[in-house]
file target-v6.tsv (TSV, C-alpha atoms)
chain	number	residue	atom	x	y	z
U	18	MET	CA	0.00	0.00	0.00
U	19	ASN	CA	1.17	3.52	-0.84
U	20	VAL	CA	-0.32	6.46	1.10
U	21	LEU	CA	0.02	10.24	1.20
U	22	ILE	CA	-0.35	12.02	4.55
U	23	GLY	CA	-0.60	15.72	5.41
U	24	TYR	CA	0.10	18.13	6.86
U	25	MET	CA	3.26	18.35	8.97
U	26	ILE	CA	5.35	21.33	10.11
U	27	ASP	CA	8.74	20.18	11.35
U	28	GLY	CA	7.99	16.92	13.15
U	29	ARG	CA	8.41	18.49	16.58
U	30	ASN	CA	6.27	21.58	16.86
U	31	SER	CA	2.63	20.52	16.88
U	32	GLY	CA	0.20	17.94	18.17
U	33	ILE	CA	-0.69	16.94	14.62
U	34	ASP	CA	3.00	16.30	13.89
U	35	LYS	CA	3.26	14.02	16.91
U	36	TYR	CA	0.12	12.19	15.91
U	37	ILE	CA	1.30	11.63	12.34
U	38	LEU	CA	4.66	10.33	13.56
U	39	ARG	CA	2.88	7.72	15.67
U	40	VAL	CA	0.79	6.77	12.65
U	41	LEU	CA	3.98	6.41	10.62
U	42	ASP	CA	5.43	4.07	13.26
U	43	ILE	CA	2.39	1.81	12.91
U	44	LEU	CA	2.39	1.92	9.11
U	45	ALA	CA	6.10	1.09	9.00
U	46	ARG	CA	5.47	-2.07	11.01
U	47	GLU	CA	2.77	-3.00	8.48
U	48	ASN	CA	5.15	-2.36	5.54
U	49	VAL	CA	2.99	0.50	4.31
U	50	HIS	CA	4.92	3.27	2.55
U	51	ALA	CA	3.86	6.86	3.33
U	52	ASP	CA	4.85	10.21	1.85
U	53	ILE	CA	4.29	13.53	3.62
U	54	LEU	CA	2.77	16.89	2.70
U	55	THR	CA	4.00	20.10	4.29
U	56	GLY	CA	3.46	23.82	3.84
U	57	LYS	CA	7.19	24.45	4.00
U	58	ASP	CA	9.93	21.91	3.39
U	59	ASN	CA	12.69	22.13	6.00
U	60	PRO	CA	15.73	20.17	7.23
U	61	GLU	CA	14.16	19.47	10.63
U	62	LEU	CA	11.19	17.68	9.06
U	63	ARG	CA	13.35	15.67	6.69
U	64	HIS	CA	15.58	14.61	9.58
U	65	VAL	CA	12.60	13.41	11.63
U	66	LEU	CA	11.17	11.53	8.65
U	67	SER	CA	14.44	9.94	7.50
U	68	PRO	CA	13.82	6.59	9.29
U	69	TYR	CA	10.57	6.14	7.36
U	70	GLY	CA	11.87	6.65	3.84
U	71	ALA	CA	9.12	9.20	3.25
U	72	GLU	CA	9.28	11.71	0.45
U	73	VAL	CA	8.41	15.26	1.50
U	74	PHE	CA	6.24	17.39	-0.77
U	75	GLU	CA	5.89	21.13	-0.22
U	76	VAL	CA	2.57	22.60	-1.34
U	77	PRO	CA	1.50	26.26	-1.56
U	78	GLY	CA	-0.61	27.63	1.28
U	79	LEU	CA	-4.28	28.56	1.30
U	80	MET	CA	-3.43	32.08	0.15
U	81	HIS	CA	-2.75	30.46	-3.22
U	82	PRO	CA	-5.60	27.94	-3.66
U	83	LYS	CA	-5.17	27.45	-7.42
U	84	ALA	CA	-1.46	26.77	-7.02
U	85	GLN	CA	-2.13	24.36	-4.16
U	86	TYR	CA	-4.74	22.51	-6.21
U	87	ALA	CA	-2.37	22.18	-9.17
U	88	ALA	CA	0.48	21.01	-6.94
U	89	MET	CA	-1.72	18.45	-5.20
U	90	LYS	CA	-2.93	17.00	-8.49
U	91	LYS	CA	0.65	16.69	-9.73
U	92	ILE	CA	1.76	14.90	-6.54
U	93	LEU	CA	-1.23	12.56	-6.53
U	94	ARG	CA	-0.89	11.64	-10.20
U	95	ALA	CA	2.81	10.84	-9.86
U	96	GLY	CA	2.42	8.86	-6.64
U	97	HIS	CA	-0.42	6.52	-7.63
U	98	TYR	CA	-1.55	6.50	-4.00
U	99	ASP	CA	-4.01	3.99	-2.58
U	100	ALA	CA	-5.04	6.45	0.10
U	101	ALA	CA	-4.68	10.15	0.91
U	102	TYR	CA	-5.02	11.16	4.57
U	103	PHE	CA	-5.59	14.83	5.38
U	104	ASN	CA	-5.21	15.97	8.99
U	105	ILE	CA	-6.66	19.49	9.08
U	106	SER	CA	-7.97	22.13	11.46
U	107	GLU	CA	-10.47	24.05	9.33
U	108	PRO	CA	-13.03	23.09	6.65
U	109	MET	CA	-11.49	25.50	4.14
U	110	ASN	CA	-8.29	23.45	4.21
U	111	CYS	CA	-10.01	20.95	1.92
U	112	ILE	CA	-8.13	21.51	-1.33
U	113	GLY	CA	-6.04	18.37	-0.88
U	114	ALA	CA	-9.10	16.21	-0.28
U	115	MET	CA	-10.86	17.81	-3.24
U	116	SER	CA	-7.85	17.05	-5.46
U	117	ALA	CA	-7.71	13.43	-4.32
U	118	HIS	CA	-11.44	13.03	-4.90
U	119	LYS	CA	-11.24	14.52	-8.40
U	120	LEU	CA	-8.40	12.16	-9.32
U	121	GLY	CA	-10.23	9.11	-8.02
U	122	VAL	CA	-7.92	8.16	-5.15
U	123	PRO	CA	-9.62	5.03	-3.71
U	124	ARG	CA	-9.50	6.17	-0.06
U	125	VAL	CA	-9.68	9.85	0.92
U	126	ILE	CA	-9.63	10.40	4.68
U	127	ILE	CA	-10.31	13.71	6.42
U	128	HIS	CA	-9.35	14.01	10.10
U	129	SER	CA	-10.32	16.98	12.29
U	130	HIS	CA	-7.84	18.22	14.89
U	131	ASN	CA	-9.34	21.48	16.12
U	132	THR	CA	-12.52	23.12	17.44
U	133	ALA	CA	-12.28	26.71	16.14
U	134	GLN	CA	-10.73	28.76	13.36
U	135	GLY	CA	-8.40	30.66	15.67
U	136	GLU	CA	-8.11	34.03	13.95
U	137	THR	CA	-7.79	37.20	16.05
U	138	ASN	CA	-7.79	39.73	13.22
U	139	PRO	CA	-11.48	40.74	12.73
U	140	THR	CA	-11.26	41.10	8.94
U	141	LYS	CA	-9.44	37.82	8.46
U	142	ALA	CA	-11.77	36.10	10.93
U	143	LYS	CA	-14.81	37.20	8.94
U	144	LEU	CA	-13.27	35.97	5.68
U	145	LYS	CA	-12.24	32.65	7.22
U	146	SER	CA	-15.69	32.17	8.70
U	147	MET	CA	-17.27	32.64	5.28
U	148	LEU	CA	-14.82	30.25	3.59
U	149	ASN	CA	-15.33	27.64	6.29
U	150	ARG	CA	-19.12	27.83	5.92
U	151	MET	CA	-18.76	27.35	2.17
U	152	ALA	CA	-16.33	24.44	2.48
U	153	ARG	CA	-17.95	22.48	5.33
U	154	PRO	CA	-20.85	20.89	3.39
U	155	ARG	CA	-18.50	19.85	0.57
U	156	LEU	CA	-16.35	17.66	2.80
U	157	LYS	CA	-18.85	14.81	2.61
U	158	THR	CA	-18.38	14.70	-1.16
U	159	TYR	CA	-14.59	14.78	-1.03
U	160	GLY	CA	-14.00	12.15	1.65
U	161	THR	CA	-14.61	8.42	1.96
U	162	GLY	CA	-13.71	8.32	5.66
U	163	PHE	CA	-14.07	10.96	8.37
U	164	TYR	CA	-12.32	11.12	11.74
U	165	ALA	CA	-12.00	13.55	14.65
U	166	CYS	CA	-9.72	13.69	17.66
U	167	SER	CA	-12.74	14.52	19.85
U	168	GLN	CA	-16.48	14.94	19.62
U	169	ALA	CA	-16.07	18.72	19.67
U	170	ALA	CA	-13.52	18.58	16.84
U	171	GLY	CA	-15.93	16.54	14.74
U	172	LYS	CA	-18.78	19.00	15.27
U	173	TRP	CA	-16.50	21.89	14.33
U	174	LEU	CA	-15.21	20.51	11.04
U	175	PHE	CA	-17.94	18.34	9.57
U	176	PRO	CA	-21.56	18.90	8.50
U	177	GLN	CA	-24.25	16.97	10.32
U	178	SER	CA	-24.61	14.59	7.37
U	179	VAL	CA	-21.07	13.37	8.04
U	180	LEU	CA	-21.57	13.13	11.80
U	181	ASP	CA	-24.63	10.96	11.23
U	182	SER	CA	-22.94	8.65	8.74
U	183	LYS	CA	-21.31	5.25	9.34
U	184	ASP	CA	-18.08	6.64	7.89
U	185	TYR	CA	-17.52	9.03	10.81
U	186	HIS	CA	-15.44	7.98	13.84
U	187	VAL	CA	-13.84	9.63	16.85
U	188	LEU	CA	-10.25	8.47	17.18
U	189	TYR	CA	-8.39	9.85	20.17
U	190	ASN	CA	-4.74	10.72	19.68
U	191	PRO	CA	-2.70	7.64	20.66
U	192	ILE	CA	-0.04	7.83	23.34
U	193	PRO	CA	2.68	5.31	24.29
U	194	VAL	CA	1.62	4.92	27.91
U	195	GLU	CA	4.82	3.34	29.20
U	196	GLU	CA	6.93	6.32	28.10
U	197	PHE	CA	5.01	8.66	30.40
U	198	ALA	CA	4.47	6.49	33.48
U	199	PHE	CA	5.60	8.12	36.72
U	200	ASP	CA	9.13	7.22	37.80
U	201	PRO	CA	10.46	8.80	41.05
U	202	SER	CA	14.11	8.28	40.08
U	203	ILE	CA	13.68	10.05	36.73
U	204	ARG	CA	11.86	12.85	38.54
U	205	GLU	CA	14.80	13.40	40.91
U	206	GLU	CA	17.39	13.26	38.11
U	207	THR	CA	15.51	15.72	35.92
U	208	ARG	CA	14.75	18.23	38.67
U	209	GLU	CA	18.41	18.20	39.69
U	210	ALA	CA	19.54	18.72	36.09
U	211	LEU	CA	17.17	21.68	35.75
U	212	GLY	CA	18.16	23.18	39.11
U	213	LEU	CA	14.59	22.82	40.41
U	214	VAL	CA	15.09	20.38	43.27
U	215	ASP	CA	13.26	22.45	45.88
U	216	ALA	CA	10.79	24.22	43.62
U	217	CYS	CA	7.05	23.79	43.14
U	218	VAL	CA	7.13	23.30	39.38
U	219	VAL	CA	4.12	24.42	37.36
U	220	GLY	CA	4.48	22.86	33.93
U	221	HIS	CA	3.14	23.69	30.50
U	222	VAL	CA	3.72	22.03	27.14
U	223	GLY	CA	2.49	23.82	24.04
U	224	ASN	CA	3.23	26.25	21.25
U	225	PHE	CA	3.32	29.99	21.84
U	226	VAL	CA	0.32	30.82	19.67
U	227	PRO	CA	-2.91	32.75	20.41
U	228	ALA	CA	-4.94	29.59	21.06
U	229	LYS	CA	-2.68	28.59	23.97
U	230	ASN	CA	-3.32	31.83	25.90
U	231	SER	CA	0.33	31.88	26.97
U	232	ILE	CA	0.35	35.21	28.87
U	233	PHE	CA	-2.22	33.71	31.24
U	234	LEU	CA	0.50	31.32	32.46
U	235	LEU	CA	2.32	34.31	33.93
U	236	GLU	CA	-0.86	35.53	35.65
U	237	ILE	CA	-1.17	32.13	37.31
U	238	LEU	CA	2.48	32.09	38.35
U	239	SER	CA	2.40	35.60	39.79
U	240	ALA	CA	-0.66	34.82	41.89
U	241	LEU	CA	0.63	31.41	42.99
U	242	ARG	CA	3.97	32.78	44.24
U	243	LYS	CA	2.10	34.85	46.82
U	244	THR	CA	1.08	31.59	48.49
U	245	ILE	CA	3.90	29.28	47.34
U	246	PRO	CA	7.00	31.54	47.01
U	247	ASN	CA	9.13	28.80	45.42
U	248	ALA	CA	6.68	28.23	42.55
U	249	VAL	CA	8.36	28.14	39.14
U	250	LEU	CA	6.92	27.95	35.63
U	251	LEU	CA	8.54	25.32	33.41
U	252	SER	CA	7.41	25.90	29.82
U	253	VAL	CA	8.15	23.58	26.90
U	254	GLY	CA	7.49	24.80	23.37
U	255	ASP	CA	8.12	27.53	20.84
U	256	GLY	CA	6.18	29.77	18.51
U	257	PRO	CA	5.56	33.33	17.32
U	258	GLU	CA	4.48	34.66	20.74
U	259	ARG	CA	7.41	33.27	22.73
U	260	GLN	CA	9.39	36.51	22.76
U	261	GLN	CA	6.31	38.48	23.81
U	262	VAL	CA	5.77	36.13	26.75
U	263	THR	CA	9.40	36.19	27.88
U	264	GLU	CA	9.42	39.99	27.75
U	265	ARG	CA	6.19	40.10	29.74
U	266	ALA	CA	7.77	37.81	32.35
U	267	LYS	CA	10.56	40.37	32.81
U	268	GLU	CA	8.06	43.21	33.14
U	269	MET	CA	6.22	41.25	35.85
U	270	GLY	CA	9.43	40.50	37.76
U	271	LEU	CA	9.15	36.79	36.98
U	272	GLU	CA	12.31	36.44	34.92
U	273	ASP	CA	13.96	34.15	37.49
U	274	ALA	CA	10.76	32.19	38.14
U	275	ALA	CA	9.92	31.27	34.54
U	276	VAL	CA	11.99	28.75	32.61
U	277	PHE	CA	11.40	28.66	28.85
U	278	LEU	CA	12.99	25.54	27.41
U	279	GLY	CA	11.86	25.81	23.79
U	280	ILE	CA	11.22	22.67	21.77
U	281	ARG	CA	12.47	19.53	23.49
U	282	ASP	CA	12.62	15.87	22.58
U	283	ASP	CA	12.53	14.70	26.20
U	284	VAL	CA	8.99	15.74	27.16
U	285	PRO	CA	8.28	12.47	29.06
U	286	ARG	CA	11.24	13.19	31.38
U	287	LEU	CA	10.31	16.85	31.77
U	288	LEU	CA	6.78	15.90	32.83
U	289	GLN	CA	8.33	13.84	35.63
U	290	ALA	CA	9.97	17.01	36.97
U	291	MET	CA	6.69	18.91	37.23
U	292	ASP	CA	4.31	19.12	40.18
U	293	PHE	CA	1.31	20.61	38.36
U	294	PHE	CA	0.33	20.82	34.72
U	295	VAL	CA	-1.60	23.82	33.39
U	296	LEU	CA	-3.24	24.41	30.02
U	297	PRO	CA	-5.32	27.62	29.88
U	298	SER	CA	-6.15	27.32	26.15
U	299	LEU	CA	-8.83	29.36	24.45
U	300	PHE	CA	-9.70	26.33	22.32
U	301	GLU	CA	-8.27	22.90	21.47
U	302	GLY	CA	-9.15	19.87	19.39
U	303	LEU	CA	-7.99	17.34	21.93
U	304	PRO	CA	-4.72	18.37	23.62
U	305	VAL	CA	-2.32	15.43	23.66
U	306	SER	CA	-0.17	17.21	26.24
U	307	ALA	CA	-3.03	17.09	28.77
U	308	ILE	CA	-3.36	13.33	28.36
U	309	GLU	CA	0.40	12.83	28.59
U	310	ALA	CA	0.54	14.92	31.76
U	311	GLN	CA	-2.17	12.86	33.42
U	312	MET	CA	-0.46	9.63	32.38
U	313	ALA	CA	2.64	11.00	34.11
U	314	GLY	CA	0.55	11.26	37.27
U	315	LEU	CA	0.36	15.05	37.31
U	316	ARG	CA	-2.40	17.05	38.97
U	317	SER	CA	-3.73	18.93	35.97
U	318	PHE	CA	-5.64	22.20	35.61
U	319	LEU	CA	-7.19	22.88	32.22
U	320	SER	CA	-9.28	25.64	30.70
U	321	ASP	CA	-13.02	25.01	30.69
U	322	ARG	CA	-12.84	25.67	26.93
U	323	ILE	CA	-11.19	22.23	26.54
U	324	THR	CA	-13.31	19.15	25.95
U	325	THR	CA	-13.90	17.02	29.05
U	326	GLU	CA	-13.01	13.98	26.93
U	327	VAL	CA	-9.41	14.48	28.10
U	328	LYS	CA	-10.35	13.93	31.76
U	329	LEU	CA	-8.93	10.62	33.02
U	330	SER	CA	-9.61	11.02	36.73
U	331	ASP	CA	-10.50	13.46	39.49
U	332	ALA	CA	-6.88	14.64	39.34
U	333	CYS	CA	-7.90	16.75	36.33
U	334	SER	CA	-9.86	19.97	36.88
U	335	PHE	CA	-11.41	22.49	34.49
U	336	LEU	CA	-11.26	26.15	35.42
U	337	PRO	CA	-12.57	29.36	33.81
U	338	ILE	CA	-10.08	31.73	32.25
U	339	GLN	CA	-12.34	34.80	32.36
U	340	GLU	CA	-11.87	35.07	36.15
U	341	GLY	CA	-8.10	35.52	35.88
U	342	GLY	CA	-5.06	33.65	37.19
U	343	GLN	CA	-5.94	34.08	40.86
U	344	ARG	CA	-8.67	31.43	40.65
U	345	TRP	CA	-6.17	28.95	39.19
U	346	ALA	CA	-3.54	29.80	41.79
U	347	GLU	CA	-6.01	29.21	44.60
U	348	ALA	CA	-6.92	25.79	43.21
U	349	MET	CA	-3.25	24.81	42.97
U	350	ALA	CA	-2.42	26.07	46.43
U	351	GLU	CA	-5.30	24.06	47.84
U	352	ALA	CA	-4.02	20.90	46.07
U	353	TRP	CA	-0.39	21.40	47.16
U	354	PRO	CA	1.42	19.18	47.98
U	355	TYR	CA	0.10	16.44	45.69
U	356	ASP	CA	1.10	12.78	45.67
U	357	ARG	CA	1.79	11.47	42.18
U	358	ARG	CA	0.22	8.19	41.03
U	359	ASP	CA	1.15	5.51	38.52
U	360	PHE	CA	-1.56	5.68	35.88
U	361	ARG	CA	-0.66	2.32	34.39
U	362	GLN	CA	-2.97	0.82	37.01
U	363	CYS	CA	-5.94	2.67	35.46
U	364	ARG	CA	-6.20	0.70	32.24
U	365	ALA	CA	-9.90	1.31	31.73
U	366	GLU	CA	-9.43	5.09	31.83
U	367	ILE	CA	-6.41	5.25	29.54
U	368	ARG	CA	-7.47	2.58	27.05
U	369	PRO	CA	-9.01	5.05	24.51
U	370	PHE	CA	-5.62	6.81	24.31
U	371	ASP	CA	-3.31	3.78	24.59
U	372	LEU	CA	-1.20	3.41	21.45
U	373	GLN	CA	-1.05	-0.37	21.81
U	374	GLN	CA	-4.85	-0.57	21.98
U	375	GLN	CA	-5.37	1.76	19.03
U	376	THR	CA	-3.06	0.10	16.51
U	377	ASP	CA	-5.81	-1.83	14.71
U	378	GLU	CA	-8.05	1.24	14.59
U	379	ILE	CA	-5.31	3.33	13.01
U	380	ILE	CA	-4.55	0.67	10.40
U	381	SER	CA	-8.26	0.49	9.56
U	382	ILE	CA	-8.18	4.16	8.53
U	383	PHE	CA	-6.43	3.19	5.32
U	384	ARG	CA	-8.52	0.12	4.42

call {"tool": "encode", "arguments": {"input": "target-v6.tsv", "output": "structure tokens"}}
result
Amino acid sequence: MNVLIGYMIDGRNSGIDKYILRVLDILARENVHADILTGKDNPELRHVLSPYGAEVFEVPGLMHPKAQYAAMKKILRAGHYDAAYFNISEPMNCIGAMSAHKLGVPRVIIHSHNTAQGETNPTKAKLKSMLNRMARPRLKTYGTGFYACSQAAGKWLFPQSVLDSKDYHVLYNPIPVEEFAFDPSIREETREALGLVDACVVGHVGNFVPAKNSIFLLEILSALRKTIPNAVLLSVGDGPERQQVTERAKEMGLEDAAVFLGIRDDVPRLLQAMDFFVLPSLFEGLPVSAIEAQMAGLRSFLSDRITTEVKLSDACSFLPIQEGGQRWAEAMAEAWPYDRRDFRQCRAEIRPFDLQQQTDEIISIFR
């Protein structure tokens, strides 16, 4: 079988990238060859994909729809693909699926990974909203299989006719449970390496983009340090708003209390070093980082804008963001100190996200 999968950034910087890499691991074991679509070819992505023997195809962005359509048709014709798998966040990002449908690709799969269009500019937001309304009903025609990372993500992307069909499925993002299981020795080693042995570590994993509401992390930290003076923010990720957040941390006098690590390949170890996990997002599809944090045994505090499908136990709470960081700080102070747990004992709760349990479901996407 020969499949085409999109869209990736650099293999490290997004939840969709992580998901696709786990899909590639499964396909490789099944001797299925996959090529990758990206909006911008780059050395980082090619390095990450090198073990899979995947070709990388750069396609024009949505600002150039005709060029993207022409590029997609060229790629699809040359590749003779049995399936084309499009992981997207908005209905208007349907040009690839439309191209595959027009060329008669046997299996065209559309997978939703978001719950909103995420545009802050009013003019652009209005235009995007119109394009998304126009594109949404057409998805049923373009696809042969429809998936979503959560119920909310499905309702956002697809028309009701898709949601009611037998071809629609919710497939939670798979996670290798054993990699994230709590390990006290790794926790001690990592905290020592980071110089955070005696700190109350508030952790966050995510890109610095508007949807993640990154400045709010500093509001939480500032309020929490009034009750827990040794509280420290440990942030993992990168993005266009990172500099703005780091500068704001200096303005708030939190420069020494906020650690910005950038993109890291050792997230499972870093989660071990944390005491709390926070995710004050404005919207999400289904945040993999929140599941990973809970599997690492972390007491987690998430925005009430995030789907409750991520909740694995009572150790996960949903809080409003409109009331400010003080409310979050109070909830953390009340929960401190917190005893970590080994989530491997909770097989029923983690099964929907367990990579080992989901292998057959992921393979079935392409059949």

call {"tool": "closest_residue", "arguments": {"input": "target-v6.tsv", "among": "U:Asp377, U:Asp34, U:Asp27, U:Glu326", "to": "U:Val187", "atoms": "all atoms listed in the file"}}
result
U:Glu326

call {"tool": "closest_atom_pairs", "arguments": {"input": "target-v6.tsv", "of": "stretch 80-145 of chain U", "to": "stretch 165-176 of chain U", "cutoff": "8 Å", "atoms": "all atoms listed in the file", "output": "JSON lines"}}
result
{"residue": "U:Ser106", "atom": "CA", "partner": "U:Leu174", "partner_atom": "CA", "distance": 7.4}
{"residue": "U:Glu107", "atom": "CA", "partner": "U:Leu174", "partner_atom": "CA", "distance": 6.2}
{"residue": "U:Pro108", "atom": "CA", "partner": "U:Leu174", "partner_atom": "CA", "distance": 5.5}
{"residue": "U:His128", "atom": "CA", "partner": "U:Ala165", "partner_atom": "CA", "distance": 5.3}
{"residue": "U:Ser129", "atom": "CA", "partner": "U:Ala165", "partner_atom": "CA", "distance": 4.5}
{"residue": "U:His130", "atom": "CA", "partner": "U:Cys166", "partner_atom": "CA", "distance": 5.6}
{"residue": "U:Asn131", "atom": "CA", "partner": "U:Ala170", "partner_atom": "CA", "distance": 5.1}
{"residue": "U:Thr132", "atom": "CA", "partner": "U:Ala170", "partner_atom": "CA", "distance": 4.7}
{"residue": "U:Ala133", "atom": "CA", "partner": "U:Trp173", "partner_atom": "CA", "distance": 6.7}

call {"tool": "atom_distance", "arguments": {"input": "target-v6.tsv", "atom1": "atom CA of U:Glu209", "atom2": "atom CA of U:Ala274"}}
result
16.0 Å

call {"tool": "atom_distance", "arguments": {"input": "target-v6.tsv", "atom1": "atom CA of U:Val76", "atom2": "atom CA of U:Gly160"}}
result
19.8 Å

call {"tool": "residues_around", "arguments": {"input": "target-v6.tsv", "residues": "stretch 295-304 of chain U", "least_positions_apart": "3", "cutoff": "8 Å", "atoms": "only C-alpha atoms", "output": "count of residues only"}}
result
35

call {"tool": "closest_residue", "arguments": {"input": "target-v6.tsv", "among": "U:Trp353, U:Phe225, U:Tyr24, U:Tyr159", "to": "U:Thr244", "atoms": "all atoms listed in the file"}}
result
U:Trp353

call {"tool": "build_atoms", "arguments": {"input": "target-v6.tsv", "residues": "stretch 49-74 of chain U", "atoms": "N, CA and C atoms", "output": "short mmCIF file (atom, residue, chain, number, x, y, z; two decimals), in the frame of the given file"}}
result
data_model
loop_
_atom_site.label_atom_id
_atom_site.label_comp_id
_atom_site.auth_asym_id
_atom_site.auth_seq_id
_atom_site.Cartn_x
_atom_site.Cartn_y
_atom_site.Cartn_z
N VAL U 49 3.73 -0.45 5.12
CA VAL U 49 2.99 0.50 4.31
C VAL U 49 3.88 1.73 4.09
N HIS U 50 4.10 2.10 2.84
CA HIS U 50 4.92 3.27 2.55
C HIS U 50 4.07 4.54 2.60
N ALA U 51 4.59 5.60 3.23
CA ALA U 51 3.86 6.86 3.33
C ALA U 51 4.76 8.02 2.93
N ASP U 52 4.21 8.94 2.16
CA ASP U 52 4.85 10.21 1.85
C ASP U 52 4.13 11.33 2.60
N ILE U 53 4.80 12.47 2.74
CA ILE U 53 4.29 13.53 3.62
C ILE U 53 4.12 14.85 2.89
N LEU U 54 3.02 15.54 3.19
CA LEU U 54 2.77 16.89 2.70
C LEU U 54 3.12 17.90 3.78
N THR U 55 3.68 19.04 3.35
CA THR U 55 4.00 20.10 4.29
C THR U 55 3.80 21.45 3.61
N GLY U 56 3.57 22.47 4.40
CA GLY U 56 3.46 23.82 3.84
C GLY U 56 4.81 24.44 3.56
N LYS U 57 5.84 23.91 4.21
CA LYS U 57 7.19 24.45 4.00
C LYS U 57 8.22 23.35 4.28
N ASP U 58 8.89 22.92 3.24
CA ASP U 58 9.93 21.91 3.39
C ASP U 58 11.06 22.47 4.25
N ASN U 59 11.62 21.65 5.13
CA ASN U 59 12.69 22.13 6.00
C ASN U 59 13.54 20.97 6.47
N PRO U 60 14.81 21.23 6.82
CA PRO U 60 15.73 20.17 7.23
C PRO U 60 15.25 19.41 8.46
N GLU U 61 14.61 20.12 9.41
CA GLU U 61 14.16 19.47 10.63
C GLU U 61 13.14 18.37 10.31
N LEU U 62 12.20 18.66 9.43
CA LEU U 62 11.19 17.68 9.06
C LEU U 62 11.81 16.50 8.34
N ARG U 63 12.71 16.77 7.43
CA ARG U 63 13.35 15.67 6.69
C ARG U 63 14.17 14.79 7.62
N HIS U 64 14.80 15.40 8.61
CA HIS U 64 15.58 14.61 9.58
C HIS U 64 14.66 13.68 10.38
N VAL U 65 13.53 14.21 10.85
CA VAL U 65 12.60 13.41 11.63
C VAL U 65 12.02 12.27 10.80
N LEU U 66 11.79 12.52 9.51
CA LEU U 66 11.17 11.53 8.65
C LEU U 66 12.15 10.55 8.02
N SER U 67 13.44 10.78 8.17
CA SER U 67 14.44 9.94 7.50
C SER U 67 14.31 8.45 7.81
N PRO U 68 13.95 8.04 9.04
CA PRO U 68 13.82 6.59 9.29
C PRO U 68 12.69 5.92 8.52
N TYR U 69 11.75 6.71 8.01
CA TYR U 69 10.57 6.14 7.36
C TYR U 69 10.69 6.06 5.84
N GLY U 70 11.73 6.65 5.29
CA GLY U 70 11.87 6.65 3.84
C GLY U 70 10.78 7.43 3.14
N ALA U 71 10.22 8.41 3.80
CA ALA U 71 9.12 9.20 3.25
C ALA U 71 9.64 10.34 2.39
N GLU U 72 9.00 10.53 1.25
CA GLU U 72 9.28 11.71 0.45
C GLU U 72 8.48 12.87 1.02
N VAL U 73 9.07 14.07 0.97
CA VAL U 73 8.41 15.26 1.50
C VAL U 73 8.02 16.16 0.33
N PHE U 74 6.74 16.53 0.29
CA PHE U 74 6.24 17.39 -0.77
C PHE U 74 5.76 18.71 -0.18
#
